Amino acid sequence: MQALAEGQQTISKIPTTRIDKLLSSMGYGSRKEIARLAKVGGITLDGADLPDATKRIAVTPDLPARMRIDGEALDPVEGLVLLLNKPLGMTCSHKESGALVYDILPPRWRHRDPAISTIGRLDKQTSGLLLMTDDGVSFTASSAPKA
């Protein structure tokens, strides 16, 4: 490994994505709906309108504080972890009928991609703390038994 010469800086690659792709994966609407929203000034970054939804932006941890959708702060980006006090009578499944824990979430969160899922589950007639995330890969890998 070479040492950096004095005055040189390391360059870290910040991931970027298209605005329409990011917002549609977060449940704000289809890409066409996001494009229409951008054209009417409904998307801002650092106080400036973003009229072109195909523009690429850096996905940084502070993005939710800097971006506004119809005047409201952006939802947390992928990597969302929620703590939910699960009420009695709700199921921790995407497939069962009846009241689901996902019904408690804001409507657009039900359309996130990757989807929000529970980490573990509680029985229908049990209440208590429930963890939810849209980052199942990290939690699956970190919860795997150590060899």
# chains A, B, ... in the order shown; residues from 1 in each chain; ligands from 1
$ select_by_dssp --residues "stretch 62-127 of chain A" --states "alpha helix (DSSP H)" --output "ChimeraX atom specification"
/A:63-66
$ write_last_selection --atoms "C-alpha atoms" --output "CSV table (one decimal), in the first residue's frame"
chain,number,residue,atom,x,y,z
A,63,LEU,CA,-30.3,13.7,1.9
A,64,PRO,CA,-33.6,13.4,3.9
A,65,ALA,CA,-32.8,16.7,5.7
A,66,ARG,CA,-31.9,18.4,2.4
$ residues_around --residues "A:Tyr28" --least-positions-apart "5" --cutoff "12 Å" --atoms "only C-alpha atoms" --output "PyMOL selection string"
chain A and resi 19-23+33-38+42-43+68-70+72+74-75+77+106-113
$ write_last_selection --atoms "C-alpha atoms" --output "tab-separated table (two decimals), in the first residue's frame"
chain	number	residue	atom	x	y	z
A	19	ILE	CA	-34.22	11.26	-8.70
A	20	ASP	CA	-37.17	9.47	-10.32
A	21	LYS	CA	-35.74	6.03	-9.56
A	22	LEU	CA	-34.96	6.91	-5.94
A	23	LEU	CA	-38.34	8.46	-5.21
A	33	GLU	CA	-45.68	10.76	-11.48
A	34	ILE	CA	-42.31	11.82	-10.06
A	35	ALA	CA	-41.41	13.52	-13.37
A	36	ARG	CA	-44.71	15.47	-13.29
A	37	LEU	CA	-44.12	16.46	-9.67
A	38	ALA	CA	-40.62	17.70	-10.51
A	42	GLY	CA	-42.67	19.75	-6.10
A	43	ILE	CA	-39.11	18.48	-5.56
A	68	ARG	CA	-38.27	18.19	0.15
A	69	ILE	CA	-41.20	16.58	-1.62
A	70	ASP	CA	-44.23	18.88	-1.81
A	72	GLU	CA	-42.21	17.92	3.35
A	74	LEU	CA	-37.89	13.26	2.38
A	75	ASP	CA	-38.53	9.91	4.06
A	77	VAL	CA	-33.69	6.32	2.22
A	106	PRO	CA	-47.59	5.53	6.15
A	107	PRO	CA	-49.26	4.43	2.88
A	108	ARG	CA	-46.27	5.16	0.63
A	109	TRP	CA	-44.00	3.03	2.87
A	110	ARG	CA	-46.05	0.00	1.79
A	111	HIS	CA	-44.77	0.61	-1.76
A	112	ARG	CA	-41.05	0.86	-0.95
A	113	ASP	CA	-38.67	-1.30	-2.95
$ select_by_dssp --residues "stretch 5-115 of chain A" --states "strand (DSSP E or B)" --output "ChimeraX atom specification"
/A:16-18,43-45,48-49,56-58,67-69,72-73,81-86,91,100
$ write_last_selection --atoms "N, CA and C atoms" --output "tab-separated table (two decimals), in the first residue's frame"
chain	number	residue	atom	x	y	z
A	16	THR	N	-24.61	7.57	-6.44
A	16	THR	CA	-25.59	8.48	-7.02
A	16	THR	C	-26.71	7.67	-7.63
A	17	THR	N	-27.85	8.31	-7.79
A	17	THR	CA	-28.99	7.66	-8.44
A	17	THR	C	-29.87	8.73	-9.07
A	18	ARG	N	-30.70	8.31	-10.00
A	18	ARG	CA	-31.65	9.23	-10.61
A	18	ARG	C	-32.74	9.57	-9.61
A	43	ILE	N	-40.31	19.12	-6.11
A	43	ILE	CA	-39.11	18.48	-5.56
A	43	ILE	C	-38.03	19.53	-5.44
A	44	THR	N	-37.48	19.69	-4.24
A	44	THR	CA	-36.39	20.65	-4.03
A	44	THR	C	-35.23	19.96	-3.33
A	45	LEU	N	-34.04	20.46	-3.59
A	45	LEU	CA	-32.83	20.00	-2.92
A	45	LEU	C	-32.06	21.25	-2.50
A	48	ALA	N	-33.48	24.56	-3.75
A	48	ALA	CA	-33.60	24.82	-5.19
A	48	ALA	C	-34.49	23.76	-5.84
A	49	ASP	N	-35.36	24.21	-6.75
A	49	ASP	CA	-36.21	23.27	-7.49
A	49	ASP	C	-35.38	22.31	-8.32
A	56	ARG	N	-29.15	12.88	-11.84
A	56	ARG	CA	-28.54	12.03	-10.82
A	56	ARG	C	-28.13	12.90	-9.64
A	57	ILE	N	-28.39	12.39	-8.44
A	57	ILE	CA	-27.98	13.09	-7.23
A	57	ILE	C	-27.23	12.13	-6.32
A	58	ALA	N	-26.40	12.69	-5.46
A	58	ALA	CA	-25.65	11.88	-4.49
A	58	ALA	C	-26.59	11.43	-3.38
A	67	MET	N	-33.63	17.34	1.14
A	67	MET	CA	-34.60	17.23	0.05
A	67	MET	C	-36.02	17.35	0.58
A	68	ARG	N	-36.86	18.02	-0.19
A	68	ARG	CA	-38.27	18.19	0.15
A	68	ARG	C	-39.13	17.71	-1.01
A	69	ILE	N	-40.22	17.03	-0.65
A	69	ILE	CA	-41.20	16.58	-1.62
A	69	ILE	C	-42.52	17.24	-1.23
A	72	GLU	N	-42.47	18.79	2.20
A	72	GLU	CA	-42.21	17.92	3.35
A	72	GLU	C	-40.85	17.25	3.21
A	73	ALA	N	-40.20	17.00	4.36
A	73	ALA	CA	-38.89	16.34	4.35
A	73	ALA	C	-39.00	14.96	3.72
A	81	VAL	N	-34.69	1.42	9.45
A	81	VAL	CA	-34.95	0.47	10.54
A	81	VAL	C	-35.99	1.12	11.44
A	82	LEU	N	-37.07	0.41	11.71
A	82	LEU	CA	-38.17	0.92	12.53
A	82	LEU	C	-38.33	0.09	13.79
A	83	LEU	N	-38.72	0.75	14.86
A	83	LEU	CA	-39.16	0.08	16.07
A	83	LEU	C	-40.65	0.33	16.17
A	84	LEU	N	-41.44	-0.73	16.26
A	84	LEU	CA	-42.89	-0.60	16.28
A	84	LEU	C	-43.44	-1.33	17.50
A	85	ASN	N	-44.32	-0.68	18.22
A	85	ASN	CA	-45.03	-1.35	19.30
A	85	ASN	C	-46.23	-2.04	18.67
A	86	LYS	N	-46.10	-3.36	18.44
A	86	LYS	CA	-47.13	-4.11	17.75
A	86	LYS	C	-48.35	-4.27	18.64
A	91	THR	N	-51.10	-9.09	12.46
A	91	THR	CA	-50.21	-10.15	11.99
A	91	THR	C	-48.96	-9.56	11.37
A	100	LEU	N	-52.81	-6.15	9.47
A	100	LEU	CA	-51.37	-6.41	9.36
A	100	LEU	C	-50.60	-5.26	10.00
